[in-house]
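Reproduced below: entry_9.pdb, with PDB, C-alpha atoms.
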ATOM      1  CA  MET A   1      -1.572 -29.851 -30.920
ATOM      2  CA  MET A   2      -5.238 -29.156 -31.462
ATOM      3  CA  LYS A   3      -6.123 -31.444 -28.562
ATOM      4  CA  LEU A   4      -3.673 -29.639 -26.296
ATOM      5  CA  LEU A   5      -5.111 -26.250 -27.219
ATOM      6  CA  LEU A   6      -8.615 -27.535 -26.681
ATOM      7  CA  SER A   7      -7.674 -28.959 -23.275
ATOM      8  CA  LEU A   8      -6.084 -25.657 -22.244
ATOM      9  CA  ALA A   9      -9.134 -23.737 -23.418
ATOM     10  CA  LEU A  10     -11.399 -26.045 -21.425
ATOM     11  CA  LEU A  11      -9.234 -25.643 -18.326
ATOM     12  CA  ALA A  12      -9.268 -21.882 -18.677
ATOM     13  CA  ALA A  13     -13.020 -21.964 -19.090
ATOM     14  CA  ALA A  14     -13.226 -23.846 -15.811
ATOM     15  CA  SER A  15     -12.385 -20.640 -13.919
ATOM     16  CA  CYS A  16     -15.014 -20.072 -11.327
ATOM     17  CA  THR A  17     -15.902 -18.583  -7.953
ATOM     18  CA  HIS A  18     -16.733 -20.683  -4.925
ATOM     19  CA  LEU A  19     -18.467 -19.147  -1.930
ATOM     20  CA  ASN A  20     -16.716 -20.498   1.186
ATOM     21  CA  SER A  21     -18.901 -18.712   3.714
ATOM     22  CA  VAL A  22     -21.354 -15.925   4.277
ATOM     23  CA  SER A  23     -22.466 -14.276   7.517
ATOM     24  CA  VAL A  24     -24.903 -11.467   8.289
ATOM     25  CA  THR A  25     -25.403  -9.314  11.369
ATOM     26  CA  SER A  26     -28.630  -7.581  12.414
ATOM     27  CA  ILE A  27     -29.872  -5.176   9.718
ATOM     28  CA  PRO A  28     -30.534  -1.569  10.854
ATOM     29  CA  LYS A  29     -33.520   0.576   9.909
ATOM     30  CA  ASP A  30     -31.345   3.404   8.642
ATOM     31  CA  ARG A  31     -29.775   2.137   5.422
ATOM     32  CA  SER A  32     -28.842   5.443   3.825
ATOM     33  CA  GLN A  33     -25.060   5.105   3.862
ATOM     34  CA  ARG A  34     -23.441   1.948   2.594
ATOM     35  CA  VAL A  35     -19.814   1.151   3.427
ATOM     36  CA  SER A  36     -17.648  -1.747   2.345
ATOM     37  CA  ALA A  37     -14.225  -3.272   2.750
ATOM     38  CA  GLU A  38     -12.482  -5.850   0.616
ATOM     39  CA  ARG A  39      -9.348  -7.964   0.876
ATOM     40  CA  TYR A  40      -7.808  -9.984  -1.915
ATOM     41  CA  LYS A  41      -4.900 -12.398  -2.068
ATOM     42  CA  PHE A  42      -3.621 -14.062  -5.215
ATOM     43  CA  LEU A  43      -2.362 -17.634  -4.774
ATOM     44  CA  PHE A  44       0.141 -19.096  -7.203
ATOM     45  CA  LEU A  45       0.022 -22.932  -7.181
ATOM     46  CA  LEU A  46      -2.340 -22.636  -4.179
ATOM     47  CA  LEU A  47       0.621 -21.572  -2.034
ATOM     48  CA  ASN A  48      -0.452 -19.542   0.963
ATOM     49  CA  PHE A  49       1.576 -19.431   4.154
ATOM     50  CA  ASN A  50      -0.597 -17.176   6.283
ATOM     51  CA  ASN A  51      -4.010 -15.513   6.319
ATOM     52  CA  ASP A  52      -2.850 -12.116   7.560
ATOM     53  CA  PHE A  53      -4.524 -10.425   4.595
ATOM     54  CA  ALA A  54      -7.866 -10.984   6.335
ATOM     55  CA  SER A  55      -6.869  -9.112   9.503
ATOM     56  CA  HIS A  56      -8.022  -5.630  10.461
ATOM     57  CA  MET A  57     -10.957  -5.530   8.042
ATOM     58  CA  GLU A  58     -13.109  -4.111  10.821
ATOM     59  CA  LYS A  59     -10.739  -1.143  10.939
ATOM     60  CA  ASP A  60     -11.317  -0.485   7.227
ATOM     61  CA  LEU A  61     -15.052  -0.380   7.886
ATOM     62  CA  ALA A  62     -14.660   1.848  10.957
ATOM     63  CA  GLU A  63     -12.510   4.316   9.002
ATOM     64  CA  LYS A  64     -15.341   4.724   6.504
ATOM     65  CA  CYS A  65     -17.757   5.394   9.344
ATOM     66  CA  PRO A  66     -15.895   7.430  11.983
ATOM     67  CA  ASN A  67     -17.967   8.353  15.052
ATOM     68  CA  GLY A  68     -20.647   5.915  13.926
ATOM     69  CA  LYS A  69     -21.458   2.248  13.926
ATOM     70  CA  VAL A  70     -21.480  -0.206  11.035
ATOM     71  CA  GLU A  71     -24.387  -2.637  11.230
ATOM     72  CA  GLY A  72     -26.006  -5.147   8.922
ATOM     73  CA  ILE A  73     -22.629  -6.459   7.826
ATOM     74  CA  VAL A  74     -22.602  -9.160   5.168
ATOM     75  CA  THR A  75     -19.237 -10.919   5.052
ATOM     76  CA  LYS A  76     -18.465 -13.159   2.083
ATOM     77  CA  THR A  77     -15.409 -15.380   1.738
ATOM     78  CA  GLU A  78     -14.792 -16.459  -1.849
ATOM     79  CA  MET A  79     -12.260 -18.717  -3.495
ATOM     80  CA  LEU A  80     -11.582 -17.713  -7.102
ATOM     81  CA  THR A  81     -10.120 -20.139  -9.608
ATOM     82  CA  TYR A  82      -8.571 -18.485 -12.658
ATOM     83  CA  PHE A  83      -6.742 -21.579 -13.882
ATOM     84  CA  PRO A  84      -7.040 -24.899 -11.977
ATOM     85  CA  LEU A  85      -4.038 -25.586  -9.697
ATOM     86  CA  ILE A  86      -2.027 -22.694 -11.165
ATOM     87  CA  ALA A  87      -3.860 -19.475 -10.357
ATOM     88  CA  HIS A  88      -6.314 -18.990  -7.504
ATOM     89  CA  ALA A  89      -7.255 -16.176  -5.168
ATOM     90  CA  TYR A  90      -9.070 -15.474  -1.926
ATOM     91  CA  ASN A  91     -11.465 -12.571  -1.816
ATOM     92  CA  ILE A  92     -13.160 -11.400   1.380
ATOM     93  CA  ARG A  93     -15.768  -8.692   1.108
ATOM     94  CA  ALA A  94     -17.747  -7.014   3.877
ATOM     95  CA  ASP A  95     -20.671  -4.657   3.169
ATOM     96  CA  GLY A  96     -22.657  -2.825   5.821
ATOM     97  CA  TYR A  97     -24.564   0.323   6.711
ATOM     98  CA  CYS A  98     -23.034   3.265   8.544
ATOM     99  CA  ILE A  99     -25.238   4.553  11.368
ATOM    100  CA  LYS A 100     -24.243   7.997  12.563
ATOM    101  CA  LYS A 101     -24.457   8.552  16.308
TER
ATOM    102  CA  MET B   1       6.330 -39.763 -10.503
ATOM    103  CA  LYS B   2       6.962 -40.317  -6.797
ATOM    104  CA  ILE B   3       9.186 -37.240  -6.658
ATOM    105  CA  THR B   4       6.462 -35.121  -8.283
ATOM    106  CA  PHE B   5       3.948 -36.433  -5.748
ATOM    107  CA  LEU B   6       6.312 -35.701  -2.859
ATOM    108  CA  ILE B   7       6.914 -32.172  -4.126
ATOM    109  CA  LEU B   8       3.164 -31.633  -4.399
ATOM    110  CA  LEU B   9       2.672 -32.957  -0.855
ATOM    111  CA  ALA B  10       5.467 -30.765   0.487
ATOM    112  CA  LEU B  11       3.868 -27.749  -1.160
ATOM    113  CA  GLN B  12       0.757 -28.389   0.884
ATOM    114  CA  GLY B  13       2.195 -26.496   3.860
ATOM    115  CA  CYS B  14      -0.520 -23.960   3.342
ATOM    116  CA  ALA B  15      -3.020 -21.759   5.107
ATOM    117  CA  PHE B  16      -6.695 -21.991   4.142
ATOM    118  CA  VAL B  17      -9.517 -19.619   4.961
ATOM    119  CA  HIS B  18     -12.867 -21.333   5.569
ATOM    120  CA  ARG B  19     -15.025 -18.669   7.186
ATOM    121  CA  HIS B  20     -14.617 -15.048   8.075
ATOM    122  CA  GLN B  21     -17.268 -13.278  10.117
ATOM    123  CA  ILE B  22     -17.353  -9.636  11.149
ATOM    124  CA  GLN B  23     -19.813  -8.531  13.823
ATOM    125  CA  ASN B  24     -21.168  -4.992  14.029
ATOM    126  CA  VAL B  25     -18.311  -2.482  13.947
ATOM    127  CA  ASP B  26     -18.081   0.468  16.297
ATOM    128  CA  GLY B  27     -16.423   3.686  15.043
ATOM    129  CA  ASP B  28     -15.011   4.173  18.543
ATOM    130  CA  ILE B  29     -12.363   1.535  17.849
ATOM    131  CA  LEU B  30     -10.397   4.258  16.052
ATOM    132  CA  GLY B  31     -10.232   6.329  19.238
ATOM    133  CA  PRO B  32      -7.314   6.466  21.667
ATOM    134  CA  GLY B  33      -9.228   4.551  24.346
ATOM    135  CA  ALA B  34      -9.579   1.427  22.214
ATOM    136  CA  ARG B  35      -7.348  -1.604  22.716
ATOM    137  CA  ARG B  36      -7.199  -4.395  20.160
ATOM    138  CA  PHE B  37      -7.016  -8.031  21.276
ATOM    139  CA  GLU B  38      -6.532 -11.234  19.376
ATOM    140  CA  PHE B  39      -6.348 -14.859  20.456
ATOM    141  CA  LEU B  40      -6.314 -18.262  18.822
ATOM    142  CA  LEU B  41      -8.135 -21.440  19.765
ATOM    143  CA  SER B  42      -6.663 -24.418  17.981
ATOM    144  CA  GLU B  43      -6.578 -28.179  17.779
ATOM    145  CA  MET B  44      -4.561 -30.644  15.714
ATOM    146  CA  GLY B  45      -6.404 -32.127  12.743
ATOM    147  CA  VAL B  46      -5.424 -35.475  11.217
ATOM    148  CA  GLU B  47      -6.215 -36.746   7.730
ATOM    149  CA  LEU B  48      -5.776 -40.533   8.002
ATOM    150  CA  ALA B  49      -6.619 -41.168   4.355
ATOM    151  CA  GLU B  50      -3.810 -38.856   3.291
ATOM    152  CA  GLY B  51      -1.432 -40.698   5.640
ATOM    153  CA  ALA B  52      -2.396 -43.974   4.008
ATOM    154  CA  LYS B  53      -1.727 -42.475   0.570
ATOM    155  CA  TRP B  54       1.726 -41.375   1.739
ATOM    156  CA  VAL B  55       2.434 -44.953   2.823
ATOM    157  CA  SER B  56       1.115 -46.260  -0.486
ATOM    158  CA  VAL B  57       3.315 -43.926  -2.544
ATOM    159  CA  LEU B  58       6.473 -44.325  -0.478
ATOM    160  CA  SER B  59       6.192 -48.074  -0.071
ATOM    161  CA  THR B  60       8.428 -50.247  -2.241
ATOM    162  CA  ASN B  61       6.428 -53.335  -1.290
ATOM    163  CA  ARG B  62       3.387 -53.828  -3.526
ATOM    164  CA  ASN B  63       1.360 -55.536  -0.786
ATOM    165  CA  THR B  64       1.979 -52.713   1.662
ATOM    166  CA  GLY B  65       0.926 -50.239  -0.983
ATOM    167  CA  GLN B  66      -2.314 -52.122  -1.643
ATOM    168  CA  ALA B  67      -3.030 -52.439   2.102
ATOM    169  CA  ALA B  68      -2.493 -48.698   2.505
ATOM    170  CA  ASN B  69      -4.927 -48.005  -0.328
ATOM    171  CA  SER B  70      -7.503 -50.246   1.375
ATOM    172  CA  VAL B  71      -7.031 -48.318   4.617
ATOM    173  CA  ALA B  72      -7.579 -45.042   2.726
ATOM    174  CA  GLU B  73     -10.829 -46.420   1.308
ATOM    175  CA  ALA B  74     -11.964 -47.634   4.760
ATOM    176  CA  VAL B  75     -11.232 -44.221   6.235
ATOM    177  CA  ALA B  76     -13.380 -42.604   3.545
ATOM    178  CA  LEU B  77     -16.266 -44.886   4.540
ATOM    179  CA  PHE B  78     -15.852 -44.480   8.303
ATOM    180  CA  GLN B  79     -15.328 -40.725   8.272
ATOM    181  CA  MET B  80     -18.195 -39.640   6.081
ATOM    182  CA  GLY B  81     -19.830 -36.258   6.435
ATOM    183  CA  PRO B  82     -19.438 -32.571   5.636
ATOM    184  CA  ARG B  83     -15.969 -31.301   6.378
ATOM    185  CA  THR B  84     -14.184 -28.089   7.174
ATOM    186  CA  GLY B  85     -10.422 -28.679   7.226
ATOM    187  CA  ASN B  86      -9.159 -31.967   8.653
ATOM    188  CA  PRO B  87     -11.039 -34.006  11.289
ATOM    189  CA  VAL B  88     -10.129 -33.351  14.931
ATOM    190  CA  TYR B  89     -10.327 -35.716  17.890
ATOM    191  CA  ARG B  90     -11.103 -33.158  20.582
ATOM    192  CA  LEU B  91     -14.001 -30.732  20.459
ATOM    193  CA  ASP B  92     -13.466 -28.821  23.676
ATOM    194  CA  PHE B  93     -10.815 -26.487  22.293
ATOM    195  CA  THR B  94     -13.374 -23.715  21.863
ATOM    196  CA  ASP B  95     -15.174 -24.320  25.166
ATOM    197  CA  LYS B  96     -13.592 -21.324  26.838
ATOM    198  CA  LEU B  97     -14.630 -18.870  24.108
ATOM    199  CA  THR B  98     -17.620 -17.399  25.965
ATOM    200  CA  GLN B  99     -15.753 -17.055  29.251
ATOM    201  CA  GLU B 100     -12.666 -15.660  27.540
ATOM    202  CA  LEU B 101     -14.696 -12.922  25.849
ATOM    203  CA  SER B 102     -16.537 -12.186  29.084
ATOM    204  CA  LYS B 103     -13.409 -11.377  30.998
ATOM    205  CA  ILE B 104     -11.019 -10.116  28.321
ATOM    206  CA  CYS B 105     -11.959  -6.452  28.697
ATOM    207  CA  GLY B 106     -12.359  -6.391  32.466
ATOM    208  CA  GLY B 107     -15.189  -3.932  33.097
ATOM    209  CA  GLY B 108     -15.009  -2.432  29.611
ATOM    210  CA  ARG B 109     -17.007  -3.029  26.473
ATOM    211  CA  VAL B 110     -16.177  -5.712  23.907
ATOM    212  CA  SER B 111     -16.665  -4.434  20.378
ATOM    213  CA  SER B 112     -16.190  -5.192  16.684
ATOM    214  CA  LEU B 113     -15.497  -8.913  16.977
ATOM    215  CA  THR B 114     -14.181 -10.880  14.028
ATOM    216  CA  PHE B 115     -13.882 -14.656  13.721
ATOM    217  CA  LEU B 116     -11.618 -16.386  11.247
ATOM    218  CA  ARG B 117     -11.928 -20.159  10.883
ATOM    219  CA  GLU B 118      -8.737 -21.290   9.202
ATOM    220  CA  THR B 119      -6.562 -24.343   8.647
ATOM    221  CA  ASN B 120      -2.794 -24.450   8.603
ATOM    222  CA  LYS B 121      -2.233 -27.576   6.597
ATOM    223  CA  TYR B 122       0.836 -29.785   6.479
ATOM    224  CA  PRO B 123       1.166 -33.306   5.104
ATOM    225  CA  VAL B 124      -1.291 -35.539   7.044
ATOM    226  CA  VAL B 125      -1.720 -33.154   9.998
ATOM    227  CA  SER B 126      -3.066 -29.627  10.291
ATOM    228  CA  GLY B 127      -3.804 -26.878  12.754
ATOM    229  CA  GLU B 128      -7.554 -26.305  12.938
ATOM    230  CA  ILE B 129      -7.851 -22.744  14.164
ATOM    231  CA  VAL B 130     -10.457 -20.243  15.272
ATOM    232  CA  LYS B 131      -8.858 -16.791  15.373
ATOM    233  CA  VAL B 132     -10.811 -14.250  17.414
ATOM    234  CA  SER B 133     -10.092 -10.545  17.406
ATOM    235  CA  GLY B 134     -11.883  -7.487  18.701
ATOM    236  CA  TYR B 135     -11.528  -4.285  20.656
ATOM    237  CA  CYS B 136     -11.919  -3.281  24.288
ATOM    238  CA  LEU B 137     -13.565   0.098  24.711
ATOM    239  CA  ALA B 138     -13.863   2.151  27.858
ATOM    240  CA  GLY B 139     -17.386   2.425  29.294
ATOM    241  CA  THR B 140     -20.141  -0.086  29.652
ATOM    242  CA  LYS B 141     -22.629   0.794  26.929
TER
ATOM    243  CA  MET C   1      -3.894 -54.075  18.388
ATOM    244  CA  LYS C   2      -3.074 -51.684  15.538
ATOM    245  CA  TYR C   3      -6.522 -52.357  14.032
ATOM    246  CA  LEU C   4      -8.118 -51.399  17.360
ATOM    247  CA  ALA C   5      -6.132 -48.170  17.390
ATOM    248  CA  LEU C   6      -7.234 -47.487  13.813
ATOM    249  CA  LEU C   7     -10.871 -48.170  14.665
ATOM    250  CA  PHE C   8     -10.586 -45.785  17.605
ATOM    251  CA  LEU C   9      -9.157 -43.089  15.343
ATOM    252  CA  LEU C  10     -11.867 -43.717  12.774
ATOM    253  CA  SER C  11     -14.737 -43.709  15.212
ATOM    254  CA  CYS C  12     -14.309 -40.400  16.973
ATOM    255  CA  ALA C  13     -13.336 -37.901  14.319
ATOM    256  CA  HIS C  14     -15.126 -34.581  14.138
ATOM    257  CA  SER C  15     -15.101 -31.775  11.649
ATOM    258  CA  TYR C  16     -15.235 -28.342  13.217
ATOM    259  CA  HIS C  17     -17.024 -25.854  10.996
ATOM    260  CA  GLN C  18     -17.676 -22.671  12.886
ATOM    261  CA  ALA C  19     -17.423 -20.778  16.148
ATOM    262  CA  ALA C  20     -18.637 -17.246  16.672
ATOM    263  CA  THR C  21     -19.829 -15.057  19.508
ATOM    264  CA  ASP C  22     -22.259 -12.194  19.498
ATOM    265  CA  VAL C  23     -21.863  -9.564  22.198
ATOM    266  CA  SER C  24     -24.731  -7.136  22.558
ATOM    267  CA  LEU C  25     -24.648  -6.370  26.253
ATOM    268  CA  ASN C  26     -21.753  -6.162  28.615
ATOM    269  CA  PRO C  27     -20.298  -6.257  31.172
ATOM    270  CA  GLY C  28     -23.541  -7.511  32.731
ATOM    271  CA  TYR C  29     -22.089 -11.028  32.548
ATOM    272  CA  LYS C  30     -20.769 -10.461  36.051
ATOM    273  CA  SER C  31     -24.233 -10.997  37.442
ATOM    274  CA  GLY C  32     -25.326 -13.602  34.922
ATOM    275  CA  ARG C  33     -25.419 -17.386  34.798
ATOM    276  CA  THR C  34     -24.068 -19.602  32.046
ATOM    277  CA  ILE C  35     -26.697 -21.443  30.003
ATOM    278  CA  SER C  36     -26.342 -23.791  27.052
ATOM    279  CA  ALA C  37     -28.340 -25.829  24.560
ATOM    280  CA  VAL C  38     -27.366 -28.495  22.047
ATOM    281  CA  GLY C  39     -29.173 -29.435  18.850
ATOM    282  CA  GLU C  40     -28.247 -32.564  16.929
ATOM    283  CA  GLN C  41     -29.234 -34.317  13.739
ATOM    284  CA  PHE C  42     -28.276 -37.825  12.633
ATOM    285  CA  VAL C  43     -27.824 -38.119   8.871
ATOM    286  CA  VAL C  44     -27.442 -41.299   6.819
ATOM    287  CA  LEU C  45     -25.756 -40.827   3.433
ATOM    288  CA  GLY C  46     -26.963 -37.230   3.280
ATOM    289  CA  PHE C  47     -30.673 -38.094   3.163
ATOM    290  CA  ILE C  48     -32.190 -35.287   5.206
ATOM    291  CA  ASN C  49     -34.494 -32.454   4.252
ATOM    292  CA  ASN C  50     -34.506 -30.072   7.204
ATOM    293  CA  THR C  51     -32.279 -28.269   9.682
ATOM    294  CA  ASP C  52     -34.853 -27.988  12.462
ATOM    295  CA  TYR C  53     -32.328 -28.984  15.126
ATOM    296  CA  VAL C  54     -30.885 -25.464  14.955
ATOM    297  CA  GLN C  55     -34.222 -23.836  15.789
ATOM    298  CA  GLU C  56     -34.844 -26.404  18.545
ATOM    299  CA  ALA C  57     -31.507 -25.538  20.175
ATOM    300  CA  TYR C  58     -32.286 -21.837  19.864
ATOM    301  CA  ASP C  59     -35.745 -22.251  21.438
ATOM    302  CA  ASP C  60     -34.266 -24.349  24.235
ATOM    303  CA  LEU C  61     -31.689 -21.657  25.020
ATOM    304  CA  ALA C  62     -34.258 -18.862  24.908
ATOM    305  CA  LYS C  63     -36.490 -20.811  27.303
ATOM    306  CA  GLN C  64     -33.680 -20.968  29.831
ATOM    307  CA  CYS C  65     -33.464 -17.174  29.942
ATOM    308  CA  GLU C  66     -37.058 -15.957  29.502
ATOM    309  CA  GLU C  67     -36.685 -12.939  31.745
ATOM    310  CA  GLY C  68     -33.315 -11.726  30.560
ATOM    311  CA  THR C  69     -30.809 -11.124  27.776
ATOM    312  CA  VAL C  70     -28.320 -13.704  26.570
ATOM    313  CA  SER C  71     -24.959 -12.036  25.994
ATOM    314  CA  PRO C  72     -22.337 -12.974  25.005
ATOM    315  CA  LEU C  73     -23.789 -15.801  22.944
ATOM    316  CA  THR C  74     -21.425 -18.319  21.380
ATOM    317  CA  THR C  75     -22.477 -20.565  18.492
ATOM    318  CA  ARG C  76     -20.499 -23.674  17.637
ATOM    319  CA  TYR C  77     -21.244 -25.892  14.664
ATOM    320  CA  TYR C  78     -19.514 -29.221  14.089
ATOM    321  CA  THR C  79     -20.073 -32.671  12.624
ATOM    322  CA  SER C  80     -19.164 -36.058  14.103
ATOM    323  CA  LEU C  81     -18.056 -38.251  11.194
ATOM    324  CA  SER C  82     -19.114 -41.879  11.124
ATOM    325  CA  PHE C  83     -19.644 -45.019   8.997
ATOM    326  CA  LEU C  84     -21.751 -43.953   5.983
ATOM    327  CA  SER C  85     -23.445 -41.451   8.259
ATOM    328  CA  TRP C  86     -22.746 -38.438  10.409
ATOM    329  CA  THR C  87     -24.248 -36.311  13.170
ATOM    330  CA  ASN C  88     -24.491 -32.533  12.926
ATOM    331  CA  TYR C  89     -24.342 -30.575  16.167
ATOM    332  CA  ILE C  90     -25.118 -26.995  16.997
ATOM    333  CA  LYS C  91     -24.069 -25.906  20.454
ATOM    334  CA  LEU C  92     -25.248 -22.583  21.828
ATOM    335  CA  GLU C  93     -23.789 -21.192  25.015
ATOM    336  CA  GLY C  94     -24.337 -17.847  26.625
ATOM    337  CA  ILE C  95     -24.618 -15.856  29.798
ATOM    338  CA  CYS C  96     -28.132 -15.019  30.947
ATOM    339  CA  VAL C  97     -28.239 -11.526  32.386
ATOM    340  CA  GLN C  98     -31.450 -10.687  34.272
TER
END

Go ahead and render the structure in this file as structure tokens.
Amino acid sequence: MMKLLLSLALLAAASCTHLNSVSVTSIPKDRSQRVSAERYKFLFLLLNFNNDFASHMEKDLAEKCPNGKVEGIVTKTEMLTYFPLIAHAYNIRADGYCIKK
Amino acid sequence: MKITFLILLALQGCAFVHRHQIQNVDGDILGPGARRFEFLLSEMGVELAEGAKWVSVLSTNRNTGQAANSVAEAVALFQMGPRTGNPVYRLDFTDKLTQELSKICGGGRVSSLTFLRETNKYPVVSGEIVKVSGYCLAGTK
Amino acid sequence: MKYLALLFLLSCAHSYHQAATDVSLNPGYKSGRTISAVGEQFVVLGFINNTDYVQEAYDDLAKQCEEGTVSPLTTRYYTSLSFLSWTNYIKLEGICVQ
């Protein structure tokens, strides 16, 4: 019983974040207004039948910067492991600077 | 044991995100003159080592199973290198990307491009996909 | 025969990592010409300590369009898998607008 508990505790402690990718666009001089957008999808047993959650992120950014332009965008794609094989998640985060026209 | 393995393999019908890139975003995409576009460039990926493991698990003949395991090991040696999704046998599936983006908006402006590199994985084979989306805006600047 | 087929399948597998395009100027492409550059790096068992082939491809592309702007510019990054070794490729393609 003790061994089982210890194994479970070790597995739980194995939760971690893996950076799948990162990309950056040209960084503007005016960095006064920061905007961001984030998408998250929880995966049970690693089951995921589509990646639609990642769509339209650019619209989220544009809505935070109407009549402007978002530049210097850092996009990170992360894979989170809460419990190996059982509980995972995708997290996509984009941060940039809003440049007013 | 075999049934558990088969269930696990069947559950692999999954979509994976490898890379997501967002280029500079224009606020004008919220306007009435903006038109969103999206297209996919894809190619079939094949994981030979996984195929060999299938054969090994499903085979009732011990020799066949061992041979399949040897094939899986050979594949690992012959297909060494960094990987994104499954290996593909054609590379030209993204060749038309530049031209496609050049003509997609006619005389208008292409804006707020996003690129999603994803895999739709099934047992042994997969769809290796580059999903491109963006907006066409009126005007040339 | 089946071993030949297997060898063929083993010998020409590629892993496709990335494709992206940057558009900074358009629709000037109508008067432009298509240019491209390829950088490659052969790696044995991962023993390599630089990624200079990317800069070389970039310099090569820039040289082909010294008097103009390259837009759209597509970057493709893939690896050809091989026996205990592999070759990384970076392929840049764009339209040179004078």

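The list of chain B residues within 6 Å of chain C is Leu77, Phe78, Gln79, Met80, Gly81, Arg83, Thr84, Pro87, Val88, Tyr89 and Gly107 of chain B; this uses all atoms listed in the file.
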
* Asked: Contacts of Ile86 (chain A) at 9 Å or less, counting only C-alpha atoms, minus same-chain residues fewer than 3 places along, as a list in words?
  ->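 Surrounding residues, per the criterion: Leu43, Phe44, Leu45, Leu46, Thr81, Tyr82 and Phe83 of chain A.
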
Per residue of chain B within 9 Å of chain A, what are the shortest atom pair and its distance in Å to one decimal, counting only C-alpha atoms, with rows by chain and residue number, as a Markdown table?
| residue | atom | partner | partner_atom | distance |
| --- | --- | --- | --- | --- |
| B:Leu11 | CA | A:Leu47 | CA | 7.0 |
| B:Gln12 | CA | A:Leu47 | CA | 7.4 |
| B:Gly13 | CA | A:Phe49 | CA | 7.1 |
| B:Cys14 | CA | A:Asn48 | CA | 5.0 |
| B:Ala15 | CA | A:Phe49 | CA | 5.2 |
| B:Phe16 | CA | A:Asn51 | CA | 7.3 |
| B:Val17 | CA | A:Asn51 | CA | 7.0 |
| B:His18 | CA | A:Asn20 | CA | 5.9 |
| B:Arg19 | CA | A:Ser21 | CA | 5.2 |
| B:His20 | CA | A:Thr77 | CA | 6.4 |
| B:Gln21 | CA | A:Ser23 | CA | 5.9 |
| B:Ile22 | CA | A:Thr75 | CA | 6.5 |
| B:Gln23 | CA | A:Thr25 | CA | 6.2 |
| B:Asn24 | CA | A:Glu71 | CA | 4.9 |
| B:Val25 | CA | A:Val70 | CA | 4.9 |
| B:Asp26 | CA | A:Lys69 | CA | 4.5 |
| B:Gly27 | CA | A:Ala62 | CA | 4.8 |
| B:Asp28 | CA | A:Asn67 | CA | 6.2 |
| B:Ile29 | CA | A:Ala62 | CA | 7.3 |
| B:Leu30 | CA | A:Ala62 | CA | 7.1 |
| B:Ser112 | CA | A:Glu58 | CA | 6.7 |
| B:Leu113 | CA | A:Glu58 | CA | 8.2 |
| B:Thr114 | CA | A:Glu58 | CA | 7.6 |
| B:Leu116 | CA | A:Ala54 | CA | 8.2 |
| B:Glu118 | CA | A:Asn51 | CA | 8.0 |
| B:Asn120 | CA | A:Asn50 | CA | 7.9 |
| B:Ser133 | CA | A:Ser55 | CA | 8.7 |
| B:Gly134 | CA | A:Glu58 | CA | 8.7 |

* Please identify all polymer residues within 7 Å of region 91-96 of chain B, counting all atoms listed in the file, omitting same-chain residues fewer than 4 positions from it, and present them as a list in words. => Leu41, Ser42, Glu43 and Glu100 of chain B

So that I have them on file, write out the residues from the current selection with C-alpha atoms, as a short mmCIF file (atom, residue, chain, number, x, y, z; two decimals), keeping the file's coordinate frame.
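Listing of selection_14.cif after writing:
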data_model
loop_
_atom_site.label_atom_id
_atom_site.label_comp_id
_atom_site.auth_asym_id
_atom_site.auth_seq_id
_atom_site.Cartn_x
_atom_site.Cartn_y
_atom_site.Cartn_z
CA LEU B 41 -8.14 -21.44 19.76
CA SER B 42 -6.66 -24.42 17.98
CA GLU B 43 -6.58 -28.18 17.78
CA GLU B 100 -12.67 -15.66 27.54
#

* To do: Would you translate the PyMOL selection byres ((chain B and resi 40) around 7) into the concrete set of residues it matches in this file, as a list of chain:residue names?
  =>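 Given this file, the PyMOL selection byres ((chain B and resi 40) around 7) evaluates to B:Phe39, B:Leu41, B:Ser42, B:Ile129, B:Val130, B:Lys131, B:Val132.
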